[in-house]
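Have a look at the structure below, then the notes.
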2 protein chains.
Amino acid sequence: MRIIVAGAGLIGRTLALDLAKKYEVTSVDIKPEKLRMIRSSKVRKLQADFDNRADFLKLLHEADLVVGALPGSFGITRIADVISSGTNTIDISFCPENPLKFNDLAIKKNVIALVDCGTAPGLTNMILGYHNSFSEVKSFKSFVGGLPFKREQPYEYKAPFSPMDVIGEYMRPVRMIEKGKLLTRPSMSEPEFINIPEVGTLEAFYTDGLRTLLYTMKVPFMSEKTLRYPGHADKIRLLKETGLFSDQEITVKGEKIKPVDFTTSLLFPMWELKEEDEDFIALRVIIEAKESNVMKQYTYNLFVPYDKKTKTHAMARTTSAVCAAVVNLVADKKYTKTGVNAPEYVGSDKANFEFVINFLRERGIDVKREEKVM
Amino acid sequence: MRIIVAGAGLIGRTLALDLAKKYEVTSVDIKPEKLRMIRSSKVRKLQADFDNRADFLKLLHEADLVVGALPGSFGITRIADVISSGTNTIDISFCPENPLKFNDLAIKKNVIALVDCGTAPGLTNMILGYHNSFSEVKSFKSFVGGLPFKREQPYEYKAPFSPMDVIGEYMRPVRMIEKGKLLTRPSMSEPEFINIPEVGTLEAFYTDGLRTLLYTMKVPFMSEKTLRYPGHADKIRLLKETGLFSDQEITVKGEKIKPVDFTTSLLFPMWELKEEDEDFIALRVIIEAKESNVMKQYTYNLFVPYDKKTKTHAMARTTSAVCAAVVNLVADKKYTKTGVNAPEYVGSDKANFEFVINFLRERGIDVKREEKVM
């Protein structure tokens, strides 16, 4: 099984190393310095520009499966190309558009495409898919954040994935389900405090993260909130209300400029998660479901710290492990449904869901579950 | 007596109207729309560009006295020209440089130049000058702010004078006197809450406003704090720490730009004090002084609201009244000291100080004083 991992960022390179234990892996990135950070001879490294479509298509001929670990803005066009070429693909690029629109194409090409196979979306979707397969889920609430242990003012934040995708998440209106209806809420709205035993109080606010769940699940209440240190959201809101994230060009001393380009050029260096910066992931999913006429509440908790031994970030560890688990399911023909599939479909098969949870546990990522009758 | 008022901004035009009751006044500005807002036939209006030095020098021949009410960045070069031409001048441009450096030139030209004759600096300096003339002042603390009554998020602020001068005030390190020594503190540092009976709690923080007092007064403790609604300073600090007020050019998508130019182009429209926006000035000066071996504490309080009848802003009312009082003192030969003079010199003469206080009271600007033995 020849696998191409497109993108050698924090997550892409951790993923390449995990998959290389079992498969023939080529890691591809435009930046040689990122490829050099994959310190293993088991992974083949290839420099290529994904903006060059001809080169990209040529690359596809050498692969049985492509994993997309690119920034969101790259994701969607590459998924379309991969599907057209008849190659199976697992994607964690989290592109802003809806990838389900390529479903017909994928079925026609006999391709298994799985999108959003990361932490959230990804693991959270699988948890909901699992419960939805045997009970009547009434409510799904997801809370998730990747943060540095060291809190540095003013933002107390480091971006463990593409910072432009973080800004996108902060700006987009939030789609959610209430009483079975699709509603839109302002981004970063309805802040509340959430206590995470390992690190103390975090602040949770709505972000637009339900994605495929909006289309695949018939659950009357569904929402996602992002976790940050208290105060972060207020600061982002201030910058936003000042117009600093606008993508409408303004003219300053004769030069045309998009505020978002300007602001991020100052912000992103402050948000850079360096190799030695220790981060964690905190995740909580609360599901309320009716099981044989009994209402039950399930609380899933996951706390993943930076791995000091391998110097691997929590976000990279968790996201790449979920993705690698799904790659294994497809490669080993345990998941065979063609079309563009969402991770909730993976979770809806009990054996596959348990495979993923065990696969994570073997990598020190221990999803804990509490259950109570309501 | 022919008086030129240079600058027809909020303050300049109020001043022109007050002086026109008694003197022959010409108001000069580059913008005709500002001149049109002086709705009185008693004031002559003249459009001229102060960047054109030849035109400006020609203008000086027609004046017995020039009042400078220009943005700070214009002030200093114009003061030098006015003094060189042998014309008396009163200035409220609050230029960032030290105007006392033209003292020798003014003495040589037999010119009376009075700078910083506004609210703070201005009235606050006169209060200190007054006490310093008959007692041993141990400590001088000044708190002052001009704010809108309506608090609008996120900044809860409107600039009653040049907003670029506000930013300058927020950015400059603060010079102050402690135990007789000149010290520098970070701008906007040491915030504290101050209760102002008319509006509630405000937040005070250090700003660099002592100006001439640093050179003219031998007082062991002197400091100035600016008053804003609580939270404003934190927001400015966030923008500052993000680098948004830096004047070092950065390159964004190939265009070179100074962050401060970019940020202010978004910020200043939000800070515009419109004609109908009701503002107030809150001022508190606390002086501790030894008088015939008794330690006394004097607290001066001034609260000036927007004048609904004449639609005049509090900052314009107060600053122009102080300046007009000083113009009267010079025009009526009650203040005759040549050289570049600071308002504390005006205050050091009891009759002149009382003239200013009464002049203000006649205009509804009532400086209240409390006195106690310590």
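Ordering of the structure tokens sets the chain letters (A, B, ...); residue numbers start at 1 within each chain; ligands are numbered from 1 in the order shown.
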Next item on the list: Residues of chain B near chain A: apply a cut-off of 7 Å, count only C-alpha atoms, and supply the list as a list in words.
Entry: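 Every residue meeting the condition is included here: Pro154, Leu238, Thr242, Gly243, Val252, Glu255, Asp261, Phe262, Ser265, Leu266 and Leu267 of chain B.
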Next item on the list: Identify all residues of segment 98-327 of chain A in strand (DSSP E or B) (DSSP on the backbone) and supply them as JSON, numbers by chain.
Entry: {"A": [112, 113, 114, 118, 122, 136, 137, 138, 139, 140, 141, 142, 143, 144, 145, 146, 147, 148, 159, 174, 175, 176, 177, 178, 181, 182, 183, 184, 185, 192, 193, 194, 195, 196, 200, 201, 202, 203, 204, 205, 206, 221, 222, 223, 224, 225, 226, 227, 228, 250, 251, 252, 255, 256, 257, 272, 279, 280, 281, 282, 283, 284, 285, 286, 287, 288, 289, 290, 291, 294, 295, 296, 297, 298, 299, 300, 301, 302, 303, 304, 305, 307, 312]}
Margin query: Could you list, as a ChimeraX atom specification, every residue within 12 Å of Met37 of chain A, counting only C-alpha atoms and ignoring same-chain residues fewer than 6 positions away?
Written below: /A:8-14,16-17,27,29,31,43,45,275,311-312
Next item on the list: Can you pull out every residue within 12 Å of Asn293 of chain B, counting only C-alpha atoms, but drop anything in the same chain fewer than 6 positions away, and send it as a ChimeraX atom specification?
Entry: /B:135-137,373-374
Notebook entry, point to check: Please, what distance in Å, to one decimal, runs between atom CA of Glu276 of chain B and atom CA of Pro305 of chain B?
Noted result: 12.8 Å
Check: So what do you get for atom CA of Ile287 of chain A versus atom CA of Phe140 of chain A, distance-wise?
Finding: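 Between atom CA of Ile287 of chain A and atom CA of Phe140 of chain A the gap works out to 4.8 Å.
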Next item on the list: For Val219 of chain A, please output as a PyMOL selection string all residues within 10 Å (counting only C-alpha atoms; exclusion window: fewer than 3 positions along the same chain).
Entry: chain A and resi 128+132+136-140+177-181+213-214+216+222+289
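Look at Ser162 of chain A: the protein and nucleic acid residues within 9 Å of it, using only C-alpha atoms and passing over chain neighbours fewer than 3 places away, are Gly9, Leu70, Pro71, Gly72, Ala159, Asp165 and Val166 of chain A.
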Could the residues in this selection be saved with all heavy atoms as a PDB file, in the first residue's frame?
```
ATOM      1  N   GLY A   9       3.247  19.702   7.651  1.00  0.00           N
ATOM      2  CA  GLY A   9       3.144  20.594   8.812  1.00  0.00           C
ATOM      3  C   GLY A   9       3.202  19.777  10.085  1.00  0.00           C
ATOM      4  O   GLY A   9       3.536  18.583  10.062  1.00  0.00           O
ATOM      5  N   LEU A  70      -3.309  19.529   4.420  1.00  0.00           N
ATOM      6  CA  LEU A  70      -2.931  20.858   3.920  1.00  0.00           C
ATOM      7  C   LEU A  70      -3.760  21.924   4.638  1.00  0.00           C
ATOM      8  O   LEU A  70      -4.786  21.615   5.241  1.00  0.00           O
ATOM      9  CB  LEU A  70      -3.223  20.924   2.413  1.00  0.00           C
ATOM     10  CG  LEU A  70      -2.442  19.939   1.542  1.00  0.00           C
ATOM     11  CD1 LEU A  70      -3.071  19.841   0.165  1.00  0.00           C
ATOM     12  CD2 LEU A  70      -0.999  20.377   1.445  1.00  0.00           C
ATOM     13  N   PRO A  71      -3.325  23.220   4.548  1.00  0.00           N
ATOM     14  CA  PRO A  71      -4.224  24.261   5.087  1.00  0.00           C
ATOM     15  C   PRO A  71      -5.579  24.219   4.382  1.00  0.00           C
ATOM     16  O   PRO A  71      -5.665  23.807   3.217  1.00  0.00           O
ATOM     17  CB  PRO A  71      -3.489  25.564   4.760  1.00  0.00           C
ATOM     18  CG  PRO A  71      -2.059  25.173   4.576  1.00  0.00           C
ATOM     19  CD  PRO A  71      -2.086  23.779   4.014  1.00  0.00           C
ATOM     20  N   GLY A  72      -6.625  24.639   5.074  1.00  0.00           N
ATOM     21  CA  GLY A  72      -7.991  24.564   4.557  1.00  0.00           C
ATOM     22  C   GLY A  72      -8.174  25.173   3.177  1.00  0.00           C
ATOM     23  O   GLY A  72      -8.930  24.654   2.356  1.00  0.00           O
ATOM     24  N   ALA A 159      -1.192  28.710  17.759  1.00  0.00           N
ATOM     25  CA  ALA A 159      -2.016  27.958  16.801  1.00  0.00           C
ATOM     26  C   ALA A 159      -1.367  26.631  16.447  1.00  0.00           C
ATOM     27  O   ALA A 159      -0.301  26.606  15.849  1.00  0.00           O
ATOM     28  CB  ALA A 159      -2.227  28.788  15.539  1.00  0.00           C
ATOM     29  N   ASP A 165      -6.779  29.417   9.334  1.00  0.00           N
ATOM     30  CA  ASP A 165      -7.989  28.626   9.583  1.00  0.00           C
ATOM     31  C   ASP A 165      -8.592  28.971  10.941  1.00  0.00           C
ATOM     32  O   ASP A 165      -9.812  28.925  11.120  1.00  0.00           O
ATOM     33  CB  ASP A 165      -7.687  27.119   9.507  1.00  0.00           C
ATOM     34  CG  ASP A 165      -7.373  26.667   8.078  1.00  0.00           C
ATOM     35  OD1 ASP A 165      -7.473  27.502   7.152  1.00  0.00           O
ATOM     36  OD2 ASP A 165      -7.019  25.485   7.888  1.00  0.00           O
ATOM     37  N   VAL A 166      -7.736  29.319  11.917  1.00  0.00           N
ATOM     38  CA  VAL A 166      -8.235  29.747  13.228  1.00  0.00           C
ATOM     39  C   VAL A 166      -9.040  31.034  13.064  1.00  0.00           C
ATOM     40  O   VAL A 166     -10.162  31.160  13.570  1.00  0.00           O
ATOM     41  CB  VAL A 166      -7.068  29.971  14.232  1.00  0.00           C
ATOM     42  CG1 VAL A 166      -7.599  30.482  15.565  1.00  0.00           C
ATOM     43  CG2 VAL A 166      -6.268  28.689  14.425  1.00  0.00           C
TER      44      VAL A 166
END
```
Note to self: I'd like the neighbourhood of Arg363 of chain B as a PyMOL selection string, where a residue qualifies if any of its atoms comes within 9 Å (using only C-alpha atoms), though same-chain residues fewer than 4 positions away should be ignored.
What the structure shows: chain B and resi 317-318+321+358-359
Notebook entry, point to check: Which parts of segment 47-292 of chain B does DSSP call helix (DSSP H, G or I) when run on the backbone here, written out as JSON, numbers by chain?
Noted result: {"B": [53, 54, 55, 56, 57, 58, 59, 60, 72, 73, 74, 75, 76, 77, 78, 79, 80, 81, 82, 83, 84, 99, 100, 101, 102, 103, 104, 105, 106, 107, 108, 123, 124, 125, 126, 127, 128, 129, 130, 131, 132, 163, 164, 165, 166, 167, 168, 169, 170, 171, 213, 214, 215, 216, 232, 233, 234, 235, 236, 237, 238, 239, 240, 241, 259, 260, 261, 262, 263, 264, 265, 266, 267, 268, 269, 270]}
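As for atom CA of Tyr23 of chain B and atom CA of Asp349 of chain B, they are spaced 24.2 Å apart.
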List as a Markdown table every residue of segment 255-356 of chain A that is in contact with segment 89-101 of chain A, defined as an atom at most 9 Å from one of its atoms (using only C-alpha atoms), together with the nearest atom pair and the distance in Å rounded to one decimal, sorted by chain and then rising number.
```
| residue | atom | partner | partner_atom | distance |
| --- | --- | --- | --- | --- |
| A:Thr319 | CA | A:Ile92 | CA | 8.2 |
| A:Ser320 | CA | A:Ile92 | CA | 8.8 |
| A:Cys323 | CA | A:Ile90 | CA | 7.4 |
| A:Val326 | CA | A:Ile90 | CA | 7.6 |
| A:Val327 | CA | A:Ile90 | CA | 6.7 |
| A:Val330 | CA | A:Ile90 | CA | 8.9 |
| A:Gly339 | CA | A:Leu100 | CA | 8.5 |
| A:Val340 | CA | A:Leu100 | CA | 5.6 |
| A:Asn341 | CA | A:Leu100 | CA | 7.3 |
| A:Ala342 | CA | A:Leu100 | CA | 8.2 |
```
